[in-house]
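Below: the structure, in structure tokens.
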Amino acid sequence: MERKRYKSITRRFPRCFFRNRKGDDPSQLSQISDGCEEDADFSSESPEMIPSTGTNELRVFVGTWNVAGRSPVGSLAVDLEDWLNLRDEADVYVLGFQEIVPLKAATVIGAEDPTEAMNWNLLIGKKLNDKYGYPWLTPMIHPVTNENDHCGVFVDPETPDSTKDQHKIQFEQQNQRSRYKLLASKKMVGVFISVWMRKELVKRYDVSGVKVCSVACGIMGYLGNKGSVSVSLSIGGTSFCFIAAHLASGEKKGDEGRRNFQVSEIFKRTSFPRLQEDRDKLHPLTILGHDHIFWFGDLNYRLYLEDNLARQLIKHQDWRSLQKFDQLQRELEHGGVFQGWKEGNIEFAPTYKYSSYNCNRYSGGIPSRAGEKQRTPAWCDRILWYGEGVRQLSYFRSESKFSDHRPVSALFSTKIQVKSDNISWPASGTTQVNEIASEEATTTLLSLILKEERASPTHMLTCISDR
């Protein structure tokens with residue numbers, strides 16, 4: 001039945017559409033000649049007419065940190081280097097933050113202030129580029145995102161524009177000197193995402209379709225104290241989606257239901273609409289339309305366990321026993337909102353809640369201290385992924401005492417589709433792997449077509465994430 005459906009669909013597309021391999025999304029149409037014949041015989045295609053493709057490895061670092069409303073300071077540089085694990089260089093750095101501003105009425109309801117996001121980007125850029133001998137000499141004091149849109153295309157500071165002021169010119173000169181380039185950055189109240197890539201790989205792999213989207217699902221379901229900011233982009237012939245989220249807090253019975261509902265809302269309301277700039281590149285419209293997906297942040301899932309028992313297991317570092325009571329683990333394994341997603345083995349202590357800044361003691365417990373919140377320690381800060389061709393190399397927490405959360409990071413090896421002329425230019429530490437079977441490519445293509453057919457015009461043209 002599926003074969004018949006596939007044949008029916010293929011008649012409505014030019015034969016060049018089907019030259020993509022598994023892992024390609026329709027954005028790769030731009031790599032194919034426009035000389036397509038609608039009624040040509042697909043079976044008689046000459047092998048010479050099919051573009052040669054292969055796969056390369058791309059090392060992706062993903063990190064998450066709830067900074068408890070504190071501004072970045074110079075003394076944070078050492079902590080940041082530890083979190084970024086710069087001893088083991090990655091090709092792409094994706095950093096998600098929560099509470100980069102205090103969650104007060106003025107910041108939640110008022111206009112967005114890009115100051116703290118720019119300060120964090122400055123510190124990140126300085127740390128990444130100074131480490132490898134490319135010092136940043138000038139401050140970054142101009143916004144680098146389109147803060148007027150909840151969803152849309154990322155505004156690249158290097159884009160030529162006659163209205164650039166001196167500050168943007170300074171940033172452009174600074175970015176040209178750097179080893180890592182800022183690809184995308186987006187802030188919504190306290191949730192913030194920043195994506196960096198080795199500059200020589202941006203052109204080599206023809207990075208395209210960089211878009212951002214925010215989904216506010218906090219107070220009343222539509223305020224930005226909780227929610228997500230996401231980035232969509234294509235590297236070579238492979239699409240990536242990064243979702244930095246801050247979900248509902250609370251350890252009372254039923255609070256996990258609010259978190260699950262917010263996850264469902266983020267899936268439903270995140271959209272990357274097609275834009276005029278896309279031309280004939282059909283980039284994914286939704287989260288699950290991407291090849292490689294990473295969801296990370298202060299997800300706030302807690303433990304189904306009494307406080308004193310949890311603390312006993314933590315004292316004995318019995319992480320495996322403790323994980324049996326983890327709420328997110330149940331969502332991953334028992335048909336929950338993250339069914340089918342993956343997470344690496346957790347071999348570190350719970351990351352929340354510490355008593356205060358510069359403290360290694362969990363908040364609460366017996367005896368409790370005056371004015372201290374009673375919170376059962378939990379792994380609130382997590383990194384998940386979805387899709388084939390992703391292998392986790394490390395998963396750990398850092399020991400910065402900057403906030404009441406400990407930062408978490410993971411390093412991944414991902415496979416990306418590249419054209420034949422790129423195969424001899426691998427990312428750092430890469431080796432090529434063989435092309436996958438064409439039958440699998442057919443299945444992937446069919447699923448993409450069916451998804452596109454189900455996508456409504458409203459989703460293609462607009463985003464209602466923050467209504």
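Chain labels follow the order of the structure tokens: the first chain is A, the next B, and so on; residue numbering restarts at 1 in every chain, and ligands are counted from 1 in their shown order.
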
Write out as CSV a residue-level contact list of segment 264-351 of chain A versus segment 59-82 of chain A with cut-off 7 Å: for each qualifying residue the closest pair of atoms and the distance in Å to one decimal, counting only C-alpha atoms, rows sorted by chain and residue number upward.
```
residue,atom,partner,partner_atom,distance
A:Phe296,CA,A:Thr64,CA,6.4
A:Gly297,CA,A:Thr64,CA,5.2
A:Asp298,CA,A:Asn66,CA,6.5
```

* Asked: atom CA of Val337 of chain A and atom CA of Ser264 of chain A, how far apart in Å?
  -> 7.0 Å

* Name the residues in contact with segment 246-260 of chain A at a cut-off of 8 Å, using only C-alpha atoms, excluding same-chain residues fewer than 2 positions from it; report them as a list of chain:residue names. =>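 Near segment 246-260 of chain A, the qualifying residues are A:Gln98, A:Val191, A:Gly218, A:Lys226, A:Gly227, A:Ser228, A:Ala244, A:Gln262, A:Val263, A:Ser264, A:Gly297, A:Asp298, A:Leu299, A:Asn300, A:Tyr301, A:Arg302, A:Leu303, A:Gln327, A:Val337.
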
Let's have the selection written as a CSV table (one decimal), in the first residue's frame, with all heavy atoms.
```csv
chain,number,residue,atom,x,y,z
A,98,GLN,N,19.1,29.8,30.8
A,98,GLN,CA,17.8,30.1,31.4
A,98,GLN,C,18.1,31.2,32.5
A,98,GLN,O,19.1,31.2,33.1
A,98,GLN,CB,17.1,28.9,32.0
A,98,GLN,CG,16.9,27.7,31.0
A,98,GLN,CD,18.2,26.9,30.8
A,98,GLN,OE1,18.9,26.6,31.8
A,98,GLN,NE2,18.5,26.6,29.6
A,191,VAL,N,15.2,33.1,28.6
A,191,VAL,CA,15.7,32.0,27.9
A,191,VAL,C,16.5,32.5,26.7
A,191,VAL,O,16.1,33.4,26.0
A,191,VAL,CB,14.5,31.1,27.4
A,191,VAL,CG1,15.1,29.8,26.8
A,191,VAL,CG2,13.6,30.8,28.5
A,218,GLY,N,4.5,30.4,29.5
A,218,GLY,CA,4.6,30.5,31.0
A,218,GLY,C,3.2,30.9,31.6
A,218,GLY,O,2.2,30.2,31.5
A,226,LYS,N,8.5,31.2,30.9
A,226,LYS,CA,8.8,29.8,30.6
A,226,LYS,C,8.5,29.6,29.1
A,226,LYS,O,7.7,30.3,28.5
A,226,LYS,CB,7.9,28.8,31.4
A,226,LYS,CG,8.2,28.8,32.9
A,226,LYS,CD,9.5,28.3,33.2
A,226,LYS,CE,9.8,28.1,34.7
A,226,LYS,NZ,9.8,29.4,35.4
A,227,GLY,N,9.2,28.6,28.5
A,227,GLY,CA,9.0,28.4,27.1
A,227,GLY,C,10.3,28.0,26.4
A,227,GLY,O,11.2,27.4,27.1
A,228,SER,N,10.5,28.3,25.2
A,228,SER,CA,11.7,27.9,24.4
A,228,SER,C,12.1,28.9,23.4
A,228,SER,O,11.3,29.7,22.9
A,228,SER,CB,11.4,26.5,23.7
A,228,SER,OG,10.4,26.7,22.7
A,244,ALA,N,16.3,25.3,23.1
A,244,ALA,CA,16.7,25.6,24.4
A,244,ALA,C,15.4,25.9,25.2
A,244,ALA,O,14.7,26.8,24.8
A,244,ALA,CB,17.7,26.8,24.5
A,262,GLN,N,3.7,21.8,28.4
A,262,GLN,CA,4.5,22.8,27.8
A,262,GLN,C,5.4,22.2,26.7
A,262,GLN,O,5.6,22.8,25.6
A,262,GLN,CB,5.4,23.5,28.8
A,262,GLN,CG,4.6,24.4,29.8
A,262,GLN,CD,5.4,25.0,30.9
A,262,GLN,OE1,6.5,24.6,31.1
A,262,GLN,NE2,4.9,26.0,31.5
A,263,VAL,N,5.9,21.0,26.9
A,263,VAL,CA,6.6,20.3,25.8
A,263,VAL,C,5.7,20.1,24.6
A,263,VAL,O,6.1,20.4,23.5
A,263,VAL,CB,7.1,18.9,26.3
A,263,VAL,CG1,7.7,18.1,25.1
A,263,VAL,CG2,8.2,19.1,27.4
A,264,SER,N,4.5,19.7,24.8
A,264,SER,CA,3.6,19.5,23.7
A,264,SER,C,3.3,20.8,23.0
A,264,SER,O,3.2,20.9,21.7
A,264,SER,CB,2.2,18.9,24.2
A,264,SER,OG,2.4,17.6,24.8
A,297,GLY,N,18.0,22.2,28.3
A,297,GLY,CA,17.7,23.3,29.1
A,297,GLY,C,17.3,22.9,30.6
A,297,GLY,O,17.6,21.7,31.0
A,298,ASP,N,16.8,23.8,31.3
A,298,ASP,CA,16.3,23.5,32.6
A,298,ASP,C,14.9,23.0,32.4
A,298,ASP,O,13.9,23.7,32.4
A,298,ASP,CB,16.2,24.8,33.5
A,298,ASP,CG,15.7,24.6,34.9
A,298,ASP,OD1,15.4,23.4,35.2
A,298,ASP,OD2,15.6,25.6,35.6
A,299,LEU,N,14.8,21.7,32.3
A,299,LEU,CA,13.5,21.0,32.0
A,299,LEU,C,12.7,20.8,33.2
A,299,LEU,O,11.6,20.4,33.2
A,299,LEU,CB,13.8,19.7,31.2
A,299,LEU,CG,14.7,19.8,29.9
A,299,LEU,CD1,14.7,18.5,29.2
A,299,LEU,CD2,14.2,21.0,29.0
A,300,ASN,N,13.4,20.9,34.4
A,300,ASN,CA,12.7,21.0,35.7
A,300,ASN,C,12.1,19.6,36.1
A,300,ASN,O,11.3,19.6,37.1
A,300,ASN,CB,11.7,22.1,35.7
A,300,ASN,CG,12.2,23.3,36.6
A,300,ASN,OD1,12.8,23.1,37.6
A,300,ASN,ND2,11.9,24.5,36.1
A,301,TYR,N,12.3,18.5,35.4
A,301,TYR,CA,11.8,17.3,35.9
A,301,TYR,C,12.4,16.9,37.2
A,301,TYR,O,13.7,17.0,37.4
A,301,TYR,CB,12.0,16.2,34.8
A,301,TYR,CG,11.0,16.4,33.6
A,301,TYR,CD1,11.4,17.0,32.5
A,301,TYR,CD2,9.7,15.9,33.7
A,301,TYR,CE1,10.5,17.2,31.4
A,301,TYR,CE2,8.8,16.0,32.7
A,301,TYR,CZ,9.2,16.7,31.5
A,301,TYR,OH,8.3,16.9,30.5
A,302,ARG,N,11.6,16.3,38.1
A,302,ARG,CA,12.1,16.0,39.5
A,302,ARG,C,12.1,14.5,39.7
A,302,ARG,O,12.1,13.7,38.8
A,302,ARG,CB,11.2,16.7,40.5
A,302,ARG,CG,11.0,18.3,40.2
A,302,ARG,CD,12.4,19.0,40.2
A,302,ARG,NE,12.2,20.4,39.8
A,302,ARG,CZ,12.0,21.4,40.7
A,302,ARG,NH1,12.0,21.2,42.0
A,302,ARG,NH2,11.9,22.6,40.3
A,303,LEU,N,12.2,14.2,41.0
A,303,LEU,CA,12.3,12.8,41.4
A,303,LEU,C,11.0,12.3,42.1
A,303,LEU,O,10.5,13.1,43.0
A,303,LEU,CB,13.5,12.5,42.4
A,303,LEU,CG,14.9,12.8,41.8
A,303,LEU,CD1,15.9,12.7,42.9
A,303,LEU,CD2,15.2,11.8,40.7
A,327,GLN,N,11.6,11.6,36.8
A,327,GLN,CA,10.4,11.8,36.0
A,327,GLN,C,10.7,11.8,34.5
A,327,GLN,O,9.9,11.3,33.7
A,327,GLN,CB,9.7,13.1,36.4
A,327,GLN,CG,9.2,13.2,37.8
A,327,GLN,CD,8.6,14.5,38.2
A,327,GLN,OE1,8.8,15.5,37.5
A,327,GLN,NE2,7.9,14.6,39.3
A,337,VAL,N,5.9,12.2,26.6
A,337,VAL,CA,6.0,13.3,25.5
A,337,VAL,C,7.4,13.2,24.8
A,337,VAL,O,7.5,13.7,23.7
A,337,VAL,CB,5.9,14.7,26.1
A,337,VAL,CG1,4.4,14.9,26.6
A,337,VAL,CG2,6.8,14.9,27.3
```

* **Close residues, segment 232-242 of chain A itself excluded, 6 Å, only C-alpha atoms, min 4 positions apart in chain, as an NGL selection string** => :A and (23-24 or 28 or 205-211 or 290-294 or 416-418)

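Among A:Val215, A:Trp83, A:Glu99, A:Lys315, the residue with the shortest atom-to-atom distance to Phe272 of chain A, counting only C-alpha atoms, is A:Val215.
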
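Picture a line from atom CA of Gly125 of chain A to atom CA of Val195 of chain A; it runs 10.4 Å.
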
* Selection: 12 Å around Val101 of chain A, only C-alpha atoms, excl. self and same-chain fewer than 4 positions, as a list in words ->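 The filter keeps Asn66, Val67, Ala68, Gly69, Arg70, Ser71, Pro72, Phe97, Ala105, Ala106, Thr107, Val108, Glu112, Asp113, Pro114, Thr115, Glu116, Ala117, Asn119, Trp120, Lys187, Met188, Val189, Gly190, Val191, Phe192, Gly224 and Asn225 of chain A.
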
Write out, as a short mmCIF file (atom, residue, chain, number, x, y, z; two decimals), in the first residue's frame, the residues just selected, with N, CA, C and O atoms.
```cif
data_model
loop_
_atom_site.label_atom_id
_atom_site.label_comp_id
_atom_site.auth_asym_id
_atom_site.auth_seq_id
_atom_site.Cartn_x
_atom_site.Cartn_y
_atom_site.Cartn_z
N ASN A 66 21.31 27.30 33.82
CA ASN A 66 20.42 28.27 34.45
C ASN A 66 21.30 29.14 35.35
O ASN A 66 21.86 28.66 36.34
N VAL A 67 21.41 30.43 34.99
CA VAL A 67 22.34 31.32 35.69
C VAL A 67 21.65 32.17 36.75
O VAL A 67 22.24 33.12 37.29
N ALA A 68 20.38 31.86 37.04
CA ALA A 68 19.67 32.44 38.19
C ALA A 68 19.61 33.97 38.17
O ALA A 68 19.68 34.62 39.21
N GLY A 69 19.48 34.55 36.98
CA GLY A 69 19.29 35.99 36.87
C GLY A 69 20.55 36.80 37.05
O GLY A 69 20.48 38.03 37.17
N ARG A 70 21.71 36.17 37.05
CA ARG A 70 22.96 36.89 37.28
C ARG A 70 23.62 37.29 35.97
O ARG A 70 23.59 36.56 34.98
N SER A 71 24.22 38.47 35.95
CA SER A 71 24.91 38.96 34.76
C SER A 71 26.31 38.35 34.68
O SER A 71 26.93 38.07 35.71
N PRO A 72 26.81 38.13 33.44
CA PRO A 72 28.16 37.59 33.31
C PRO A 72 29.20 38.60 33.79
O PRO A 72 29.09 39.79 33.52
N PHE A 97 20.76 29.04 27.70
CA PHE A 97 20.74 29.61 29.04
C PHE A 97 19.30 29.80 29.49
O PHE A 97 18.39 29.99 28.67
N ALA A 105 8.22 40.93 37.14
CA ALA A 105 7.14 41.43 36.28
C ALA A 105 7.68 42.33 35.18
O ALA A 105 7.26 42.26 34.03
N ALA A 106 8.63 43.19 35.51
CA ALA A 106 9.15 44.14 34.53
C ALA A 106 9.84 43.44 33.37
O ALA A 106 9.76 43.88 32.22
N THR A 107 10.55 42.35 33.64
CA THR A 107 11.25 41.64 32.56
C THR A 107 10.34 40.69 31.81
O THR A 107 10.54 40.45 30.61
N VAL A 108 9.34 40.14 32.49
CA VAL A 108 8.43 39.18 31.84
C VAL A 108 7.43 39.90 30.94
O VAL A 108 7.14 39.46 29.83
N GLU A 112 11.64 43.52 25.38
CA GLU A 112 12.89 42.77 25.44
C GLU A 112 14.08 43.72 25.48
O GLU A 112 14.15 44.68 24.72
N ASP A 113 15.00 43.44 26.38
CA ASP A 113 16.25 44.19 26.48
C ASP A 113 17.39 43.25 26.07
O ASP A 113 17.65 42.25 26.74
N PRO A 114 18.08 43.56 24.96
CA PRO A 114 19.11 42.64 24.47
C PRO A 114 20.44 42.72 25.20
O PRO A 114 21.38 41.99 24.87
N THR A 115 20.55 43.58 26.20
CA THR A 115 21.84 43.84 26.83
C THR A 115 22.50 42.58 27.38
O THR A 115 23.68 42.29 27.10
N GLU A 116 21.77 41.81 28.18
CA GLU A 116 22.37 40.63 28.81
C GLU A 116 22.74 39.58 27.77
O GLU A 116 23.78 38.91 27.88
N ALA A 117 21.92 39.41 26.74
CA ALA A 117 22.25 38.46 25.66
C ALA A 117 23.55 38.86 24.98
O ALA A 117 24.41 38.01 24.69
N ASN A 119 25.96 40.65 26.27
CA ASN A 119 27.06 40.45 27.21
C ASN A 119 27.51 38.99 27.23
O ASN A 119 28.71 38.69 27.27
N TRP A 120 26.54 38.08 27.21
CA TRP A 120 26.89 36.66 27.18
C TRP A 120 27.58 36.30 25.85
O TRP A 120 28.56 35.56 25.83
N LYS A 187 16.85 35.57 22.14
CA LYS A 187 16.47 35.73 23.54
C LYS A 187 14.98 35.91 23.68
O LYS A 187 14.35 36.62 22.88
N MET A 188 14.39 35.27 24.68
CA MET A 188 12.99 35.50 25.06
C MET A 188 12.96 35.58 26.59
O MET A 188 13.11 34.56 27.27
N VAL A 189 12.79 36.79 27.11
CA VAL A 189 12.85 37.04 28.55
C VAL A 189 14.17 36.47 29.09
O VAL A 189 15.22 37.00 28.81
N GLY A 190 14.13 35.36 29.82
CA GLY A 190 15.36 34.81 30.38
C GLY A 190 15.94 33.64 29.63
O GLY A 190 17.04 33.18 29.94
N VAL A 191 15.22 33.13 28.63
CA VAL A 191 15.70 31.98 27.86
C VAL A 191 16.51 32.50 26.68
O VAL A 191 16.08 33.40 25.95
N PHE A 192 17.68 31.91 26.46
CA PHE A 192 18.61 32.45 25.48
C PHE A 192 19.38 31.31 24.82
O PHE A 192 19.79 30.36 25.47
N GLY A 224 6.49 34.82 28.62
CA GLY A 224 7.80 34.25 28.33
C GLY A 224 8.66 33.89 29.51
O GLY A 224 9.86 33.65 29.33
N ASN A 225 8.10 33.85 30.73
CA ASN A 225 8.91 33.39 31.85
C ASN A 225 9.26 31.91 31.71
O ASN A 225 10.24 31.43 32.29
#
```

* Enumerate, as an MDAnalysis selection string, the complete set of residues in segment 182-308 of chain A that a backbone-based DSSP assignment places in strand (DSSP E or B). => chainID A and resid 182:188 191:198 208:216 227:235 238:246 292:298 303
